[in-house]
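> For reference, the structure I am asking about is given below.
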Amino acid sequence: MLRNDPHDRHDRWDDDDYDDYDRRGGRGGRGGGGGLFGGPLWRKVLVGVAIFAGVMVLGVVGFLIAALQGLPSLADLQDYEPPVTSRVHAGDGALVAEFAREQRVFVPIEQIPDHVRNAFVAVEDARFFEHSGLDYQGLARAVLRIPLDVIQGRRIQGASTITQQVAGNMLTGRAASCEGVICAIWTKLREGLVAQRIERVLDKERILELYLNQIYLGNRAYGVAAAALNYFDKPLSELTVSEAAYLAILPKGPANYQLPRHHDRAVERRNYAIARMLERGYITEAQAREATASDLATTDRLSGDRFVAASHFVEEVRRQVQDQYGEHALYDGGLSIRSTLDTRLQLAAARALRAGLEDYDRRHDWRGPLGAGDAAGDVGAQLREAAAAPQLSGWVRAMVTRIASGAITLTDENGATGRLSNDDAQWAAQGARRHADRALRRGAIVYAQRQTNGSYRLKQVPELQGSLVAMDPHTGRVLAMVGGYSFNESSGLNRATQAMRQPGSSFKPIVYAAALDYGLTPATLVDDAPLSIEAGDGTNWSPENYTREFYGPTTLRRGLEMSRNAMTARVAYEMGADRVLEYGRRLGVYDERTQPVFALALGAGETTLLRMTTAYGMFVNGGRWIQPVMIDRIQDRTGRSVFRRDQRACADCQADWRRQAAPQLPDDRRQVLDPITAYQIVSMAEGVVLRGTATSIAALGFPLGGKTGTTNDYKDAWFIGFSPDLVVGVWAGFDRPRTMGEGETGGRLAAPIFRDFMREALRDSQPAPFRIPAGVRLVRIDAMTGLLPSPTTTQTILEAFRPGTEPTRDVATSPFIFGGTDPIDPRLLSQFTGVAPGEGGAQPQQQQQQQQERQEDLGGLY
């Protein structure tokens, strides 16, 4: 009974109350409904199911809401543009490089052949043109397979349609996949939602276009166009049915069908794709038989000599484009970059530089084998483990497998065997006499080059480095650039643009250009004698000639031809160090950080090969300012030009041709050097090749000029040379400056590299003279005195003068010895030849006669 206790604040129940409550059905008794879980068992089950269903509905709704988050809008789908590969083409149109995170070439659906499109539809989504984004039959099959996949530990498979794959690969981050059933359901749900949106806003053709341009097909290829290039090195229009079927099997797992590793598996799967195409009526039985019978073979694109040779040039282009337009534009923007590269010259440059560095290396010590192996074991396997031979070299890895009676037998990585030539065996033996660990013993692993007679030449990678630049002197377009012996060996360092080195005597033409503008002529006599110049730091600078001899009064021309240091220093001293530096800056060799010191006259300042080559280009082009150019034009993915090197206006360039003359473009290059001065330097540099320190080049038979350069202790060797339409710079030295050895001068090391390159560069050209600007007076003079020829003259030369500075019959004055004030008495020079013992003497009478004929051919110029 319920009692009310005035001393209690709460009512209390006793046992009789609980019994009465139970009789009336409370606490699970037999009485009425009694609450949510009261009543019979079926009610309890029904209520439980209802609650569970409610929770599930709420979970599904939450799951859907979460899945919808971050999905692209309809506008995003309509405007979607996938990342596209940026491509670099040479000036002759050849492809030389590609830059991409996803290597892709976007091709409109209209340009994709039917058999390529049909191959993918047949294999990936046969009902593509029938469903609305989801293939419910396939989806049901996939769901039923989930338990089996989980039990077997396999990746959960789906029946993704092409539209779902477009959604997954392009929009919902399928690449960043996760593991497990929940993750698979999450991914499929988001793909399905996006696929439905895609089908509402895009037609089937556009969806298929996106799919075929987006799908990853292995071998660095995204999309069918990139895959056609990377696998078969051909455009889509040239793909066979067999090749198209092979590409169509790759989306499920490119690594599973990689050629040639999984050739049989790939052929079997390709044949399945061909059968599916036949089943769907996409090809005829004859086409199917032909495709099934054909073999599968792929090519390794962008790996030939042309691409390897251009590595340094391409890296410089990459650096420039990324600095100007950003990383995203370069790797995802689909830029079309037309470079200035000439692939023929680039390959010739790489080969010439390598040959020159290897020739130097051959003149010095053999440094020992790459390693050692077991000649009694598996020779081929051991050689494949050794470091690969440098690209472009044509070398192989080989092992010494037998030594008998002084004869050394090699076995190379291809299984061929032959003897090492005697010269190479002796070269190795000389190195071993100095260092015992360099000996060729049985099992030694080396690089070698197999000769046509079956013997081998011993090879080693030179420690010496070098660079070469070839440029159009009229535009500054860089036609070839090699920044080292090997792009991989130097870790990308471009010694043509990044290595700051002293140019040595190759800077002298710039000093002499300043002197010519200062009032000298090529015939001016300068005293080649000892001198001491205060250096400004409390010491005296006393330059010596290479021969450590002095030759007295010598013409400016002869001083350049023979690279006389003392007279060049005297000229610089008379002009002042500031003037020397000013001309170095004017021609772009030095910047504001370089200080004016007299040693600059002999090339003591630091600069790059590219700067020096550009400066020489300004001599050749008549003194016009040019800058190195490596990119002619850049277009975006739509073909719109975003950069064009030549910005000159040309209203008539787009006019219809009606047999009118070509439009004349203005020459807007700044004049930085007097044209006559520029030609005088060209003429004097031509003498370096004909009579001076680079006579090894004259054998080419073309009008060529240039200047050698060698720094102290033979640390750097230079040659900058040119023809009327090509300027080429060559440098060689160690990355950490040290002597290259006695006698390793620019004339011995760098000039032959120039010669070998120019032989190939001018192969299809006809000799042409250097252009002579208006106002130049050509006068035949005594080559040694600078005066008009006299009865005692033994050698004459046709010299270039500025009007009013040339000697004439009416004005019989002689040149001044620079720095003096009185004319030289010709009688003092009557017995002077200006030629030191060993330099050569008077030319034969026949050559003098030929020079006279040349003078007459010039139309009366003298």
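Residues are referred to by chain and number: the chain letter is A, B, ... according to the order shown in the structure tokens, the number counts from 1 in that chain, and ligands are numbered separately from 1 in the order shown.
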Identify, on the basis of only C-alpha atoms, every residue whose closest approach to A:Gly356 does not exceed 9 Å; exclude the query and any residue fewer than 6 positions from it along the same chain; express the result as a PyMOL selection string.

chain A and resi 749-750+752-753+756

> Compile the contact shell of A:Gln196 as a list in words: residues with an atom at most 8 Å away, counting only C-alpha atoms, same-chain residues fewer than 2 positions apart removed.

Ser132, Gly133, Leu134, Gly192, Leu193, Val194, Ile198, Glu199 and Arg200 of chain A

> Figure out the distance between atom CA of A:Ala599 and atom CA of A:Thr805, please, to one decimal in Å.

29.2 Å

> Using only C-alpha atoms, which protein or nucleic acid residues come within 10 Å of A:Arg270? Drop anything in the same chain fewer than 4 positions from it, and give the result as a PyMOL selection string.

chain A and resi 123+242-250+257+264-266+274-276+291-292+296

> Write to file, as an mmCIF file, in the first residue's frame, the residues of the selection just made, with C-alpha atoms.


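The resulting file, selection_38.cif, is shown below:
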data_model
loop_
_atom_site.group_PDB
_atom_site.id
_atom_site.type_symbol
_atom_site.label_atom_id
_atom_site.label_comp_id
_atom_site.auth_asym_id
_atom_site.auth_seq_id
_atom_site.Cartn_x
_atom_site.Cartn_y
_atom_site.Cartn_z
ATOM 1 C CA VAL A 123 37.327 -4.438 -73.530
ATOM 2 C CA SER A 242 46.896 -5.336 -82.963
ATOM 3 C CA GLU A 243 48.579 -2.334 -81.333
ATOM 4 C CA ALA A 244 45.251 -0.712 -80.472
ATOM 5 C CA ALA A 245 44.082 -3.963 -78.867
ATOM 6 C CA TYR A 246 47.283 -4.126 -76.816
ATOM 7 C CA LEU A 247 46.751 -0.609 -75.496
ATOM 8 C CA ALA A 248 43.149 -1.490 -74.633
ATOM 9 C CA ILE A 249 44.226 -4.254 -72.225
ATOM 10 C CA LEU A 250 46.535 -1.989 -70.231
ATOM 11 C CA TYR A 257 51.498 -6.950 -69.703
ATOM 12 C CA ASP A 264 53.243 -14.297 -73.866
ATOM 13 C CA ARG A 265 50.758 -13.010 -71.311
ATOM 14 C CA ALA A 266 50.410 -9.746 -73.254
ATOM 15 C CA ILE A 274 40.726 -8.721 -80.626
ATOM 16 C CA ALA A 275 38.067 -11.396 -80.081
ATOM 17 C CA ARG A 276 35.906 -8.900 -78.203
ATOM 18 C CA ALA A 291 45.925 -8.798 -85.906
ATOM 19 C CA THR A 292 46.136 -12.065 -83.984
ATOM 20 C CA LEU A 296 54.065 -7.323 -80.379
#

> Which of stretch 534-565 of chain A counts as alpha helix (DSSP H) under DSSP, as a VMD selection string please?

chain A and resid 556 to 561 565

> State, in Å with one decimal place, the distance from atom CA of A:Ala387 to atom CA of A:Ile445.

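The value is 9.9 Å.
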
> Fewer than 3 positions away in the same chain doesn't count, so skip those; otherwise give me all residues within 9 Å of A:Thr710, counting only C-alpha atoms, as a PyMOL selection string.

chain A and resi 502-506+713-719+744-747

> Would you put the residues from that selection into a file with all heavy atoms, as a short mmCIF file (atom, residue, chain, number, x, y, z; two decimals), in the first residue's frame?


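Saved file again_31.cif follows:
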data_model
loop_
_atom_site.label_atom_id
_atom_site.label_comp_id
_atom_site.auth_asym_id
_atom_site.auth_seq_id
_atom_site.Cartn_x
_atom_site.Cartn_y
_atom_site.Cartn_z
N GLN A 502 88.43 31.66 -65.91
CA GLN A 502 89.22 32.71 -66.53
C GLN A 502 89.40 32.41 -68.03
O GLN A 502 89.78 31.29 -68.39
CB GLN A 502 90.59 32.81 -65.86
CG GLN A 502 90.53 33.28 -64.42
CD GLN A 502 91.91 33.43 -63.81
OE1 GLN A 502 92.92 33.09 -64.42
NE2 GLN A 502 91.96 33.94 -62.59
N PRO A 503 89.13 33.38 -68.90
CA PRO A 503 89.22 33.12 -70.34
C PRO A 503 90.63 33.17 -70.91
O PRO A 503 90.82 32.82 -72.08
CB PRO A 503 88.36 34.24 -70.94
CG PRO A 503 88.50 35.36 -69.97
CD PRO A 503 88.60 34.72 -68.61
N GLY A 504 91.60 33.62 -70.14
CA GLY A 504 92.97 33.68 -70.65
C GLY A 504 93.07 34.56 -71.88
O GLY A 504 92.41 35.58 -72.02
N SER A 505 93.91 34.13 -72.83
CA SER A 505 94.19 34.95 -74.01
C SER A 505 93.00 35.07 -74.96
O SER A 505 93.03 35.88 -75.88
CB SER A 505 95.39 34.39 -74.77
OG SER A 505 96.56 34.51 -74.00
N SER A 506 91.95 34.26 -74.76
CA SER A 506 90.78 34.43 -75.62
C SER A 506 90.09 35.76 -75.38
O SER A 506 89.26 36.18 -76.18
CB SER A 506 89.79 33.28 -75.39
OG SER A 506 89.27 33.31 -74.08
N ASP A 713 99.39 27.89 -65.49
CA ASP A 713 99.56 26.49 -65.08
C ASP A 713 98.67 25.55 -65.88
O ASP A 713 98.37 24.44 -65.42
CB ASP A 713 99.28 26.32 -63.59
CG ASP A 713 100.22 27.14 -62.72
OD1 ASP A 713 101.41 27.26 -63.09
OD2 ASP A 713 99.77 27.67 -61.69
N TYR A 714 98.24 25.98 -67.05
CA TYR A 714 97.43 25.12 -67.94
C TYR A 714 96.16 24.61 -67.25
O TYR A 714 95.77 23.47 -67.40
CB TYR A 714 98.26 23.93 -68.43
CG TYR A 714 99.55 24.32 -69.09
CD1 TYR A 714 100.75 24.27 -68.38
CD2 TYR A 714 99.58 24.73 -70.42
CE1 TYR A 714 101.95 24.63 -68.98
CE2 TYR A 714 100.78 25.09 -71.02
CZ TYR A 714 101.96 25.05 -70.30
OH TYR A 714 103.13 25.42 -70.90
N LYS A 715 95.50 25.53 -66.53
CA LYS A 715 94.28 25.13 -65.82
C LYS A 715 93.04 25.20 -66.72
O LYS A 715 92.04 24.54 -66.45
CB LYS A 715 94.07 26.00 -64.59
CG LYS A 715 95.12 25.77 -63.50
CD LYS A 715 94.88 26.69 -62.32
CE LYS A 715 95.94 26.46 -61.23
NZ LYS A 715 95.76 27.40 -60.10
N ASP A 716 93.09 26.04 -67.75
CA ASP A 716 91.95 26.19 -68.66
C ASP A 716 92.47 26.26 -70.09
O ASP A 716 93.50 26.90 -70.34
CB ASP A 716 91.16 27.47 -68.37
CG ASP A 716 90.62 27.52 -66.96
OD1 ASP A 716 91.34 28.02 -66.06
OD2 ASP A 716 89.49 27.07 -66.76
N ALA A 717 91.75 25.64 -70.99
CA ALA A 717 92.06 25.73 -72.42
C ALA A 717 90.82 26.20 -73.16
O ALA A 717 89.73 25.64 -72.98
CB ALA A 717 92.51 24.37 -72.96
N TRP A 718 90.98 27.26 -73.99
CA TRP A 718 89.86 27.86 -74.69
C TRP A 718 90.14 27.95 -76.19
O TRP A 718 91.29 28.07 -76.60
CB TRP A 718 89.61 29.29 -74.20
CG TRP A 718 89.19 29.47 -72.78
CD1 TRP A 718 89.96 29.30 -71.67
CD2 TRP A 718 87.91 29.89 -72.32
NE1 TRP A 718 89.24 29.58 -70.54
CE2 TRP A 718 87.97 29.96 -70.90
CE3 TRP A 718 86.71 30.23 -72.95
CZ2 TRP A 718 86.89 30.34 -70.13
CZ3 TRP A 718 85.63 30.61 -72.17
CH2 TRP A 718 85.71 30.67 -70.78
N PHE A 719 89.09 27.91 -76.94
CA PHE A 719 89.14 28.40 -78.32
C PHE A 719 87.76 28.91 -78.68
O PHE A 719 86.77 28.18 -78.58
CB PHE A 719 89.57 27.33 -79.32
CG PHE A 719 89.76 27.91 -80.70
CD1 PHE A 719 90.94 28.57 -81.02
CD2 PHE A 719 88.77 27.84 -81.66
CE1 PHE A 719 91.12 29.14 -82.27
CE2 PHE A 719 88.94 28.40 -82.92
CZ PHE A 719 90.13 29.05 -83.22
N GLU A 744 99.38 21.57 -72.50
CA GLU A 744 97.96 21.40 -72.81
C GLU A 744 97.32 22.78 -72.96
O GLU A 744 96.61 23.28 -72.10
CB GLU A 744 97.27 20.58 -71.71
CG GLU A 744 97.78 19.17 -71.58
CD GLU A 744 97.45 18.29 -72.80
OE1 GLU A 744 96.72 18.77 -73.70
OE2 GLU A 744 97.93 17.14 -72.85
N THR A 745 97.57 23.39 -74.08
CA THR A 745 97.12 24.76 -74.37
C THR A 745 95.79 24.75 -75.10
O THR A 745 95.27 23.70 -75.52
CB THR A 745 98.15 25.47 -75.24
OG1 THR A 745 98.24 24.78 -76.50
CG2 THR A 745 99.52 25.49 -74.57
N GLY A 746 95.25 25.94 -75.29
CA GLY A 746 94.03 26.05 -76.08
C GLY A 746 94.23 25.59 -77.51
O GLY A 746 93.33 24.99 -78.11
N GLY A 747 95.42 25.85 -78.07
CA GLY A 747 95.70 25.41 -79.43
C GLY A 747 95.80 23.91 -79.57
O GLY A 747 95.45 23.34 -80.60
#

> Going by DSSP on the backbone, which residues of stretch 374-468 of chain A come out as strand (DSSP E)? List them as a short mmCIF file (atom, residue, chain, number, x, y, z; two decimals) with N, CA, C and O atoms, in the first residue's frame.


data_model
loop_
_atom_site.label_atom_id
_atom_site.label_comp_id
_atom_site.auth_asym_id
_atom_site.auth_seq_id
_atom_site.Cartn_x
_atom_site.Cartn_y
_atom_site.Cartn_z
N VAL A 396 81.42 -0.92 -74.45
CA VAL A 396 80.81 -2.07 -73.76
C VAL A 396 81.61 -2.36 -72.50
O VAL A 396 82.78 -1.97 -72.38
N ARG A 397 80.99 -3.06 -71.58
CA ARG A 397 81.70 -3.54 -70.40
C ARG A 397 82.36 -4.86 -70.76
O ARG A 397 81.76 -5.71 -71.44
N ALA A 398 83.58 -5.04 -70.32
CA ALA A 398 84.33 -6.25 -70.68
C ALA A 398 85.18 -6.70 -69.50
O ALA A 398 85.51 -5.91 -68.61
N MET A 399 85.53 -7.97 -69.53
CA MET A 399 86.36 -8.55 -68.47
C MET A 399 87.59 -9.21 -69.09
O MET A 399 87.51 -9.84 -70.16
N VAL A 400 88.72 -9.04 -68.41
CA VAL A 400 89.94 -9.74 -68.82
C VAL A 400 89.78 -11.21 -68.44
O VAL A 400 89.70 -11.55 -67.25
N THR A 401 89.69 -12.05 -69.44
CA THR A 401 89.46 -13.48 -69.17
C THR A 401 90.69 -14.34 -69.40
O THR A 401 90.71 -15.51 -69.02
N ARG A 402 91.72 -13.76 -70.05
CA ARG A 402 92.93 -14.56 -70.29
C ARG A 402 94.11 -13.64 -70.52
O ARG A 402 93.99 -12.63 -71.22
N ILE A 403 95.25 -13.98 -69.94
CA ILE A 403 96.50 -13.27 -70.18
C ILE A 403 97.57 -14.32 -70.45
O ILE A 403 97.85 -15.18 -69.61
N ALA A 404 98.12 -14.25 -71.65
CA ALA A 404 99.14 -15.25 -72.02
C ALA A 404 100.15 -14.61 -72.95
O ALA A 404 99.78 -14.02 -73.96
N ALA A 407 99.65 -11.15 -74.27
CA ALA A 407 98.39 -10.89 -74.96
C ALA A 407 97.24 -10.92 -73.95
O ALA A 407 97.14 -11.84 -73.13
N ILE A 408 96.39 -9.93 -74.02
CA ILE A 408 95.26 -9.80 -73.09
C ILE A 408 93.97 -10.06 -73.87
O ILE A 408 93.70 -9.40 -74.87
N THR A 409 93.18 -11.01 -73.40
CA THR A 409 91.91 -11.35 -74.04
C THR A 409 90.76 -10.82 -73.20
O THR A 409 90.74 -10.99 -71.98
N LEU A 410 89.80 -10.16 -73.88
CA LEU A 410 88.63 -9.61 -73.22
C LEU A 410 87.38 -10.36 -73.68
O LEU A 410 87.28 -10.78 -74.83
N THR A 411 86.42 -10.49 -72.78
CA THR A 411 85.08 -10.97 -73.11
C THR A 411 84.10 -9.88 -72.70
O THR A 411 84.12 -9.44 -71.54
N ASP A 412 83.26 -9.43 -73.65
CA ASP A 412 82.38 -8.30 -73.34
C ASP A 412 80.99 -8.77 -72.90
O ASP A 412 80.70 -9.97 -72.87
N THR A 417 84.37 -12.09 -77.78
CA THR A 417 85.72 -12.20 -77.23
C THR A 417 86.73 -11.70 -78.24
O THR A 417 86.56 -11.89 -79.45
N GLY A 418 87.78 -11.05 -77.77
CA GLY A 418 88.83 -10.56 -78.64
C GLY A 418 90.02 -10.08 -77.84
O GLY A 418 89.96 -9.96 -76.61
N ARG A 419 91.10 -9.79 -78.56
CA ARG A 419 92.33 -9.35 -77.90
C ARG A 419 92.36 -7.84 -77.78
O ARG A 419 91.84 -7.11 -78.63
N ALA A 444 89.77 -8.46 -64.28
CA ALA A 444 89.57 -7.02 -64.27
C ALA A 444 88.42 -6.63 -65.20
O ALA A 444 88.29 -7.14 -66.31
N ILE A 445 87.56 -5.72 -64.72
CA ILE A 445 86.42 -5.23 -65.51
C ILE A 445 86.74 -3.84 -66.02
O ILE A 445 87.15 -2.95 -65.25
N VAL A 446 86.58 -3.63 -67.31
CA VAL A 446 86.96 -2.37 -67.95
C VAL A 446 85.89 -1.98 -68.96
O VAL A 446 85.00 -2.77 -69.31
N TYR A 447 85.99 -0.74 -69.45
CA TYR A 447 85.24 -0.31 -70.62
C TYR A 447 86.11 -0.57 -71.85
O TYR A 447 87.34 -0.37 -71.81
N ALA A 448 85.48 -0.99 -72.93
CA ALA A 448 86.24 -1.25 -74.16
C ALA A 448 85.36 -0.94 -75.36
O ALA A 448 84.13 -0.88 -75.25
N GLN A 449 86.01 -0.75 -76.49
CA GLN A 449 85.29 -0.53 -77.74
C GLN A 449 85.77 -1.56 -78.76
O GLN A 449 86.96 -1.65 -79.04
N ARG A 450 84.83 -2.31 -79.27
CA ARG A 450 85.18 -3.38 -80.20
C ARG A 450 85.43 -2.79 -81.58
O ARG A 450 84.64 -1.99 -82.09
N TYR A 456 89.94 -5.05 -79.37
CA TYR A 456 89.32 -4.07 -78.48
C TYR A 456 90.27 -2.91 -78.20
O TYR A 456 91.48 -3.10 -78.14
N ARG A 457 89.66 -1.71 -78.05
CA ARG A 457 90.39 -0.55 -77.55
C ARG A 457 89.97 -0.30 -76.12
O ARG A 457 88.79 -0.32 -75.79
N LEU A 458 90.93 -0.02 -75.27
CA LEU A 458 90.68 0.22 -73.86
C LEU A 458 90.13 1.64 -73.68
O LEU A 458 90.66 2.60 -74.28
N LYS A 459 89.11 1.80 -72.86
CA LYS A 459 88.48 3.11 -72.67
C LYS A 459 88.33 3.40 -71.19
O LYS A 459 88.21 2.50 -70.36
N GLN A 465 86.87 17.84 -67.95
CA GLN A 465 85.55 18.23 -68.43
C GLN A 465 85.68 19.31 -69.49
O GLN A 465 86.77 19.85 -69.73
N GLY A 466 84.57 19.61 -70.13
CA GLY A 466 84.60 20.63 -71.17
C GLY A 466 83.20 21.06 -71.52
O GLY A 466 82.20 20.54 -71.01
N SER A 467 83.10 22.03 -72.40
CA SER A 467 81.80 22.51 -72.88
C SER A 467 81.98 23.12 -74.25
O SER A 467 83.09 23.50 -74.66
N LEU A 468 80.87 23.20 -74.97
CA LEU A 468 80.88 23.75 -76.33
C LEU A 468 79.56 24.47 -76.57
O LEU A 468 78.49 23.96 -76.21
#

> Neighbouring residues of A:Asp646 were defined as those with any atom within 12 Å, considering only C-alpha atoms; residues of the same chain fewer than 5 positions away were excluded. Please report them as a tab-separated table (two decimals) with all heavy atoms, in the first residue's frame.


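Output saved as part_39.tsv:
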chain	number	residue	atom	x	y	z
A	475	THR	N	71.79	36.60	-84.72
A	475	THR	CA	70.57	36.62	-83.91
A	475	THR	C	70.79	36.23	-82.45
A	475	THR	O	69.93	36.49	-81.62
A	475	THR	CB	69.54	35.65	-84.51
A	475	THR	OG1	70.07	34.32	-84.47
A	475	THR	CG2	69.21	36.02	-85.95
A	476	GLY	N	71.89	35.57	-82.16
A	476	GLY	CA	72.12	35.06	-80.82
A	476	GLY	C	71.46	33.72	-80.57
A	476	GLY	O	71.51	33.21	-79.44
A	477	ARG	N	70.85	33.13	-81.59
A	477	ARG	CA	70.19	31.83	-81.41
A	477	ARG	C	71.24	30.75	-81.15
A	477	ARG	O	72.15	30.55	-81.95
A	477	ARG	CB	69.35	31.48	-82.64
A	477	ARG	CG	68.22	32.45	-82.92
A	477	ARG	CD	67.47	32.12	-84.21
A	477	ARG	NE	66.62	30.94	-84.04
A	477	ARG	CZ	66.83	29.79	-84.63
A	477	ARG	NH1	67.89	29.62	-85.43
A	477	ARG	NH2	66.00	28.77	-84.45
A	629	VAL	N	69.92	33.27	-77.17
A	629	VAL	CA	68.50	32.92	-77.25
A	629	VAL	C	68.40	31.42	-77.43
A	629	VAL	O	69.04	30.85	-78.31
A	629	VAL	CB	67.82	33.64	-78.43
A	629	VAL	CG1	66.38	33.16	-78.59
A	629	VAL	CG2	67.86	35.15	-78.23
A	631	ILE	N	65.04	29.92	-76.93
A	631	ILE	CA	63.62	29.66	-77.19
A	631	ILE	C	63.12	30.67	-78.22
A	631	ILE	O	63.24	31.88	-78.01
A	631	ILE	CB	62.80	29.76	-75.90
A	631	ILE	CG1	63.31	28.75	-74.86
A	631	ILE	CG2	61.32	29.54	-76.18
A	631	ILE	CD1	62.67	28.90	-73.50
A	632	ASP	N	62.59	30.17	-79.31
A	632	ASP	CA	62.02	31.05	-80.33
A	632	ASP	C	60.57	31.41	-80.05
A	632	ASP	O	60.15	32.54	-80.28
A	632	ASP	CB	62.09	30.37	-81.71
A	632	ASP	CG	63.45	30.53	-82.37
A	632	ASP	OD1	64.13	31.53	-82.07
A	632	ASP	OD2	63.84	29.67	-83.17
A	633	ARG	N	59.81	30.43	-79.53
A	633	ARG	CA	58.38	30.66	-79.38
A	633	ARG	C	57.83	29.66	-78.37
A	633	ARG	O	58.30	28.53	-78.25
A	633	ARG	CB	57.69	30.45	-80.72
A	633	ARG	CG	56.20	30.77	-80.75
A	633	ARG	CD	55.52	30.03	-81.89
A	633	ARG	NE	55.61	28.59	-81.70
A	633	ARG	CZ	55.59	27.71	-82.68
A	633	ARG	NH1	55.53	28.10	-83.92
A	633	ARG	NH2	55.66	26.40	-82.43
A	634	ILE	N	56.81	30.10	-77.63
A	634	ILE	CA	56.08	29.22	-76.72
A	634	ILE	C	54.60	29.40	-76.98
A	634	ILE	O	54.09	30.52	-77.02
A	634	ILE	CB	56.39	29.53	-75.24
A	634	ILE	CG1	57.89	29.35	-74.95
A	634	ILE	CG2	55.58	28.63	-74.32
A	634	ILE	CD1	58.28	29.71	-73.52
A	665	LEU	N	62.44	43.81	-92.57
A	665	LEU	CA	62.27	44.04	-91.14
A	665	LEU	C	63.35	44.99	-90.63
A	665	LEU	O	64.50	44.91	-91.06
A	665	LEU	CB	62.35	42.72	-90.38
A	665	LEU	CG	61.25	41.70	-90.68
A	665	LEU	CD1	61.50	40.42	-89.90
A	665	LEU	CD2	59.90	42.26	-90.34
A	666	PRO	N	62.99	45.87	-89.73
A	666	PRO	CA	64.01	46.80	-89.20
A	666	PRO	C	65.03	46.07	-88.35
A	666	PRO	O	64.71	45.09	-87.67
A	666	PRO	CB	63.17	47.77	-88.36
A	666	PRO	CG	61.96	46.98	-87.96
A	666	PRO	CD	61.66	46.07	-89.11
A	667	ASP	N	66.26	46.53	-88.41
A	667	ASP	CA	67.33	45.98	-87.56
A	667	ASP	C	67.37	46.82	-86.29
A	667	ASP	O	67.91	47.93	-86.28
A	667	ASP	CB	68.67	46.04	-88.30
A	667	ASP	CG	69.78	45.31	-87.53
A	667	ASP	OD1	69.54	44.95	-86.37
A	667	ASP	OD2	70.86	45.12	-88.09
A	668	ASP	N	66.79	46.28	-85.23
A	668	ASP	CA	66.72	47.04	-83.99
A	668	ASP	C	67.82	46.65	-83.00
A	668	ASP	O	67.75	47.00	-81.82
A	668	ASP	CB	65.35	46.86	-83.33
A	668	ASP	CG	65.01	45.38	-83.08
A	668	ASP	OD1	65.87	44.52	-83.35
A	668	ASP	OD2	63.88	45.11	-82.62
A	669	ARG	N	68.85	45.96	-83.47
A	669	ARG	CA	69.96	45.61	-82.59
A	669	ARG	C	70.79	46.85	-82.29
A	669	ARG	O	71.12	47.63	-83.18
A	669	ARG	CB	70.83	44.54	-83.23
A	669	ARG	CG	70.14	43.21	-83.46
A	669	ARG	CD	71.03	42.26	-84.26
A	669	ARG	NE	71.35	42.81	-85.57
A	669	ARG	CZ	72.24	42.30	-86.40
A	669	ARG	NH1	72.93	41.22	-86.04
A	669	ARG	NH2	72.47	42.85	-87.58

> Please indicate the distance in Å from atom CA of A:Val672 to atom CA of A:Pro473, rounded to one decimal place.

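Straight-line distance from atom CA of A:Val672 to atom CA of A:Pro473 works out to 14.0 Å.
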
> For A:Met471, which residue out of A:Tyr211, A:Tyr616, A:Trp42, A:Phe129 is the nearest one, using only C-alpha atoms?

A:Tyr616

> Can you list, as a ChimeraX atom specification, every protein, DNA or RNA residue that comes within 8 Å of A:Ile533 when you count only C-alpha atoms, leaving out same-chain residues fewer than 2 positions away?

/A:531,535,540-542,573

> Write the residues you've just listed into a file as a CSV table (one decimal), in the first residue's frame, and include N, CA and C atoms for each of them.


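Contents of result.csv, as written:
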chain,number,residue,atom,x,y,z
A,531,LEU,N,108.2,44.5,-69.2
A,531,LEU,CA,107.6,45.7,-68.5
A,531,LEU,C,107.1,45.3,-67.1
A,535,ALA,N,100.6,46.7,-59.6
A,535,ALA,CA,99.3,46.0,-59.6
A,535,ALA,C,98.3,46.7,-58.7
A,540,ASN,N,104.2,44.3,-58.1
A,540,ASN,CA,104.4,44.6,-59.5
A,540,ASN,C,104.0,43.4,-60.4
A,541,TRP,N,103.3,43.7,-61.5
A,541,TRP,CA,102.9,42.7,-62.5
A,541,TRP,C,103.8,42.8,-63.7
A,542,SER,N,104.5,41.7,-63.9
A,542,SER,CA,105.4,41.6,-65.0
A,542,SER,C,105.1,40.4,-65.9
A,573,TYR,N,98.0,48.9,-70.5
A,573,TYR,CA,98.6,49.9,-69.5
A,573,TYR,C,98.4,51.3,-70.1
